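Trainee: First the structure, which I've put down as structure tokens, then a few questions once you've had a look.
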Amino acid sequence: MKITILGAGVIGVTSAYYLAKAGHEVTVVDRQPGPALETSFANAGEVSFGYCSPWAAPGIPQKALKWIFMEHAPLILRPKLDGPMLSWMLKMLMNCTSERYAINKSRMLRLADYSRLALAEVRTETNVDYDQRMQGTLQLFRTEAQLEASAKDVKALAADGIPFEVLDPEGCIRVEPALAHVRHKIVGGLLTPKDETGDCFKFTNILAEKATGMGVRFEWGVNIKGLDVQGGEAKGVVTDRGTIASDAVVVALGSYSPLLVKPHGINLPVYPVKGYSLTIPITDASRAPESTVMDETYKIAITRLGDRIRVGGMAEISGYTNDLGEARRRTLEHSVTDLFPGGDVSKANFWSGLRPMTPDGTPVIGATKVRNLYLNTGHGTLGWTMSCGSAKVLADIVSGRQADIETKDLSIGRYAA
């Protein structure tokens, strides 16, 4: 089939790779001049197959009230009279129960673990090099309450057969030796050893080159105006350069996906949740992380990417705004210098991106009620983690093949009334 993919972030490019592998003629359209220049550009760098949890969790509403008064809050809410924002927030609150958390986390772990295998497959096939490391994620607890609260995650990991290890402070230092400098600040940790790290921007750009060699065509600097839908069927994409006729269309536009499909009666509950990052050059390797350390107090990931440290996190619900607030920078600086003192944050590059978040934390992958129109979006903070698995699932669905994992509960149908 002639397939047009909308969006050239890590989700769109991996989708192009797997659809090309399946024998389709693929065109990727993006408004940017190259791949991964929006949300995939400077994310936290963690590929967290085991450390993946819904933001909607028991106790989050109460914590959110407390965070309002915190200087370095992990969640920043800027409510306004915005129907989609209020609807999304209500749906998220409905998912903050123990029952929903268990269902959503299990679903996320299933897709993430499948993505672990798919990413390994892509590495073997392409020899892509993206500053990758395979040394796990250490979720670091500063308080006994955090350590006790991790029991629900340990239960979910055990139920899904995901390897993990609960560590005391000495165990944390064994995994991340630089933490010896701050031993007195650590209560314990949860290690998910199968997790990886890597530069999403590098990966996406190299994979786009590989995909081009497979016959994928990339159209850069093209503004998407709408979908060409006739008789309930997607026939192509309307752009500022004309209409691209297609046998199938894949929407991988992240936070902007709902805006494109809404005129066709598809209510996609994806909303932008802004995250921030710093990229800091390493000046003393003995005071840098080996892999990813997740600072549970501030929900900030501190990741080693080659000769750099990527510090990423926070969730700001403020609509489609991408401004850089200095208060958010101070929070990132506080977390990294508190755990890994000695780095020169004055040399850091500061960035923000809009994560496409669903109320239950799981992406939306698969067909829609418009024939030949497909979705691969809503990955939230886990787009990099779930990219290859999501793309492989999507390619199977589009090609009419049975996917290797259960996909019904990944579709938009789970939000049907």
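Naming scheme: A, B, ... for chains in displayed order of the structure tokens; residues 1 onward per chain; ligands 1 onward as shown.
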DSSP on the backbone, then: every residue of range 71-292 of chain A marked helix (DSSP H, G or I), written as number ranges by chain.

Mentor: A: 83-94, 98-126, 144-149, 151-159, 169-175, 177-185, 200-213, 254-264, 285-287

Trainee: What does the distance from CA of Pro54 in chain A to CA of Gly306 in chain A come to in Å, to one decimal?

Mentor: 28.6 Å

Trainee: Considering only C-alpha atoms, return as a list in words whatever protein or nucleic-acid residues lie within 10 Å of Tyr101 in chain A, sequence-local ones (same chain, fewer than 3 positions apart) excluded.

Mentor: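 Counting only C-alpha atoms, the residues come to Ser53, Pro54, Trp55, Ala56, Ala57, Pro58, Asn95, Cys96, Thr97, Ser98, Asn104, Lys105, Ser106, Arg107, Lys152, Asp153, Ala156, Asp360 and Gly361 of chain A.
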
Trainee: One decimal, in Å: what's the spacing between CA of Ile405 in chain A and CA of Tyr114 in chain A?

Mentor: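 These two atoms are separated by 7.7 Å.
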
Trainee: Nearest residue to His181 in chain A out of A:Ile162, A:Leu382, A:Ala288, A:Ile317, using only C-alpha atoms?

Mentor: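 Closest residue, counting only C-alpha atoms: A:Ala288.
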
Trainee: Show me, as number ranges by chain, the residues that have an atom within 10 Å of Pro363 in chain A when counting only C-alpha atoms, minus same-chain residues fewer than 6 positions from it.

Mentor: A: 107-108, 111, 270, 356-357, 375-380, 382-383, 386, 390, 409-412

Trainee: Within 12 Å of range 16-40 of chain A, which residues of range 277-373 of chain A show up? Give each one with its shortest atom-to-atom distance in Å (one decimal) and the two atoms involved, counting only C-alpha atoms, rows by chain then rising residue number, as a tab-separated table.

Mentor:
```
residue	atom	partner	partner_atom	distance
A:Ser277	CA	A:Thr39	CA	11.0
A:Asn322	CA	A:Glu38	CA	10.2
A:Trp351	CA	A:Thr39	CA	9.9
A:Ser352	CA	A:Thr39	CA	8.0
A:Gly353	CA	A:Thr39	CA	4.8
A:Leu354	CA	A:Thr39	CA	5.8
A:Arg355	CA	A:Thr39	CA	6.4
A:Pro356	CA	A:Thr39	CA	8.8
A:Met357	CA	A:Thr39	CA	11.9
```

Trainee: Which neighbours of Val13 in chain A fall inside 10 Å, counting only C-alpha atoms, when residues of the same chain fewer than 2 positions from it are skipped, and could you give them as a list in words?

Mentor: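 With the cut-off at 10 Å, the set is Ile5, Leu6, Gly7, Ala8, Gly9, Val10, Ile11, Ser15, Ala16, Tyr17, Tyr18, Leu19, Val28, Pro35, Ala36, Phe203, Thr204, Asn205, Ile206, Leu207, Ala208, Glu209, Ala211, Val216, Phe218, Ala252, Ser387, Cys388 and Ala391 of chain A.
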
Trainee: Might you pull out every residue within 10 Å of range 124-134 of chain A, with only C-alpha atoms counted and same-chain residues fewer than 2 positions away left off, and present them as a PDB file with C-alpha atoms, in the first residue's frame?

Mentor:
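Ended up saving to result16.pdb:
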```
ATOM      1  CA  GLY A  45      17.212   9.611  27.478  1.00  0.00           C
ATOM      2  CA  GLU A  46      15.951   6.696  29.553  1.00  0.00           C
ATOM      3  CA  VAL A  47      14.600   3.628  27.796  1.00  0.00           C
ATOM      4  CA  ALA A 118      11.925  -4.784  19.072  1.00  0.00           C
ATOM      5  CA  LEU A 119      14.655  -2.235  19.844  1.00  0.00           C
ATOM      6  CA  ALA A 120      17.193  -5.059  20.111  1.00  0.00           C
ATOM      7  CA  GLU A 121      15.940  -6.293  16.745  1.00  0.00           C
ATOM      8  CA  VAL A 122      16.441  -2.851  15.169  1.00  0.00           C
ATOM      9  CA  GLY A 136      19.302  -0.391  34.076  1.00  0.00           C
ATOM     10  CA  THR A 137      17.288   2.316  35.835  1.00  0.00           C
ATOM     11  CA  PRO A 193      18.213  -4.011  35.268  1.00  0.00           C
ATOM     12  CA  LYS A 194      16.784  -4.541  31.768  1.00  0.00           C
ATOM     13  CA  ASP A 195      16.294  -0.805  31.254  1.00  0.00           C
ATOM     14  CA  GLU A 196      18.570   1.048  28.850  1.00  0.00           C
ATOM     15  CA  THR A 197      19.628   4.582  28.002  1.00  0.00           C
ATOM     16  CA  GLY A 198      20.330   6.375  24.747  1.00  0.00           C
ATOM     17  CA  ASP A 199      20.023   9.555  22.720  1.00  0.00           C
ATOM     18  CA  CYS A 200      16.589   9.516  21.086  1.00  0.00           C
ATOM     19  CA  PHE A 201      17.527  12.308  18.667  1.00  0.00           C
ATOM     20  CA  LYS A 202      20.573  10.396  17.403  1.00  0.00           C
ATOM     21  CA  PHE A 203      18.613   7.158  17.111  1.00  0.00           C
ATOM     22  CA  THR A 204      15.764   8.752  15.170  1.00  0.00           C
ATOM     23  CA  ASN A 205      18.046  10.551  12.730  1.00  0.00           C
ATOM     24  CA  ILE A 206      20.129   7.467  11.979  1.00  0.00           C
ATOM     25  CA  LEU A 207      17.037   5.281  11.608  1.00  0.00           C
ATOM     26  CA  LYS A 210      18.285   3.690   7.158  1.00  0.00           C
ATOM     27  CA  ALA A 211      14.607   4.017   6.253  1.00  0.00           C
ATOM     28  CA  GLU A 290      26.523   5.271  34.937  1.00  0.00           C
ATOM     29  CA  SER A 291      22.991   4.873  33.619  1.00  0.00           C
ATOM     30  CA  THR A 292      19.686   6.460  34.713  1.00  0.00           C
ATOM     31  CA  ARG A 304      24.364   9.335  31.172  1.00  0.00           C
ATOM     32  CA  LEU A 305      24.489   9.934  27.391  1.00  0.00           C
ATOM     33  CA  GLY A 306      28.074   9.481  26.239  1.00  0.00           C
ATOM     34  CA  ASP A 307      30.021  12.525  27.434  1.00  0.00           C
ATOM     35  CA  ARG A 308      26.853  14.328  28.571  1.00  0.00           C
TER      36      ARG A 308
END
```

Trainee: Name the residues of range 14-193 of chain A that come out as strand (DSSP E) in a backbone DSSP run; write them as a JSON list (two decimals) with N, CA and C atoms, in the first residue's frame.

Mentor:
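Output below, filename part-v9.json:
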```json
[["chain", "number", "residue", "atom", "x", "y", "z"],
["A", 25, "GLU", "N", 4.92, 1.12, 0.53],
["A", 25, "GLU", "CA", 5.52, 2.34, -0.03],
["A", 25, "GLU", "C", 5.18, 3.49, 0.92],
["A", 26, "VAL", "N", 6.19, 4.01, 1.62],
["A", 26, "VAL", "CA", 5.95, 4.91, 2.75],
["A", 26, "VAL", "C", 6.47, 6.31, 2.48],
["A", 27, "THR", "N", 5.63, 7.30, 2.81],
["A", 27, "THR", "CA", 6.02, 8.71, 2.79],
["A", 27, "THR", "C", 5.79, 9.27, 4.19],
["A", 28, "VAL", "N", 6.78, 10.01, 4.70],
["A", 28, "VAL", "CA", 6.66, 10.66, 6.01],
["A", 28, "VAL", "C", 6.62, 12.17, 5.81],
["A", 29, "VAL", "N", 5.67, 12.82, 6.43],
["A", 29, "VAL", "CA", 5.47, 14.26, 6.27],
["A", 29, "VAL", "C", 5.68, 14.94, 7.62],
["A", 46, "GLU", "N", 16.12, 8.02, 28.96],
["A", 46, "GLU", "CA", 15.95, 6.70, 29.55],
["A", 46, "GLU", "C", 15.03, 5.85, 28.68],
["A", 47, "VAL", "N", 15.41, 4.59, 28.52],
["A", 47, "VAL", "CA", 14.60, 3.63, 27.80],
["A", 47, "VAL", "C", 14.13, 2.64, 28.85],
["A", 75, "LEU", "N", 4.87, 18.24, 39.49],
["A", 75, "LEU", "CA", 3.67, 18.51, 38.70],
["A", 75, "LEU", "C", 3.31, 19.97, 38.84],
["A", 76, "ILE", "N", 3.14, 20.64, 37.70],
["A", 76, "ILE", "CA", 2.76, 22.05, 37.68],
["A", 76, "ILE", "C", 1.46, 22.17, 36.91],
["A", 77, "LEU", "N", 0.46, 22.69, 37.54],
["A", 77, "LEU", "CA", -0.86, 22.80, 36.91],
["A", 77, "LEU", "C", -1.21, 24.26, 36.70],
["A", 137, "THR", "N", 17.78, 1.08, 35.20],
["A", 137, "THR", "CA", 17.29, 2.32, 35.83],
["A", 137, "THR", "C", 17.24, 2.10, 37.34],
["A", 138, "LEU", "N", 17.77, 3.06, 38.09],
["A", 138, "LEU", "CA", 17.71, 3.02, 39.54],
["A", 138, "LEU", "C", 16.73, 4.08, 40.00],
["A", 139, "GLN", "N", 15.58, 3.63, 40.53],
["A", 139, "GLN", "CA", 14.61, 4.54, 41.11],
["A", 139, "GLN", "C", 15.06, 4.81, 42.54],
["A", 140, "LEU", "N", 15.44, 6.05, 42.82],
["A", 140, "LEU", "CA", 16.10, 6.38, 44.08],
["A", 140, "LEU", "C", 15.13, 6.99, 45.07],
["A", 141, "PHE", "N", 15.09, 6.40, 46.27],
["A", 141, "PHE", "CA", 14.18, 6.87, 47.31],
["A", 141, "PHE", "C", 14.95, 7.63, 48.38],
["A", 165, "GLU", "N", 15.15, -5.46, 41.42],
["A", 165, "GLU", "CA", 15.88, -5.70, 42.66],
["A", 165, "GLU", "C", 15.66, -4.52, 43.59],
["A", 166, "VAL", "N", 15.20, -4.79, 44.81],
["A", 166, "VAL", "CA", 15.06, -3.75, 45.82],
["A", 166, "VAL", "C", 16.40, -3.63, 46.55],
["A", 167, "LEU", "N", 16.93, -2.40, 46.61],
["A", 167, "LEU", "CA", 18.28, -2.17, 47.11],
["A", 167, "LEU", "C", 18.29, -1.32, 48.37],
["A", 188, "GLY", "N", 16.99, 4.01, 49.95],
["A", 188, "GLY", "CA", 17.00, 2.76, 49.19],
["A", 188, "GLY", "C", 16.68, 3.02, 47.74],
["A", 189, "GLY", "N", 16.46, 1.93, 46.99],
["A", 189, "GLY", "CA", 16.18, 2.10, 45.57],
["A", 189, "GLY", "C", 15.54, 0.85, 44.98],
["A", 190, "LEU", "N", 14.98, 1.01, 43.80],
["A", 190, "LEU", "CA", 14.40, -0.09, 43.04],
["A", 190, "LEU", "C", 15.10, -0.12, 41.68],
["A", 191, "LEU", "N", 15.83, -1.20, 41.43],
["A", 191, "LEU", "CA", 16.60, -1.35, 40.19],
["A", 191, "LEU", "C", 15.82, -2.21, 39.20],
["A", 192, "THR", "N", 15.65, -1.69, 37.98],
["A", 192, "THR", "CA", 15.10, -2.49, 36.88],
["A", 192, "THR", "C", 16.24, -2.69, 35.88]]
```

Trainee: Give me, please, the distance in Å between CA of Ala178 in chain A and CA of Ile309 in chain A, quoted to one decimal.

Mentor: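 Computing it gives 13.2 Å between the two atoms.
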
Trainee: Applying 9 Å and only C-alpha atoms, which residues near range 335-338 of chain A remain after dropping the ones on its own chain fewer than 5 positions away? List them as JSON, numbers by chain.

Mentor: {"A": [72, 182, 295, 297, 298, 300, 301, 302, 311, 330, 343, 344, 345]}
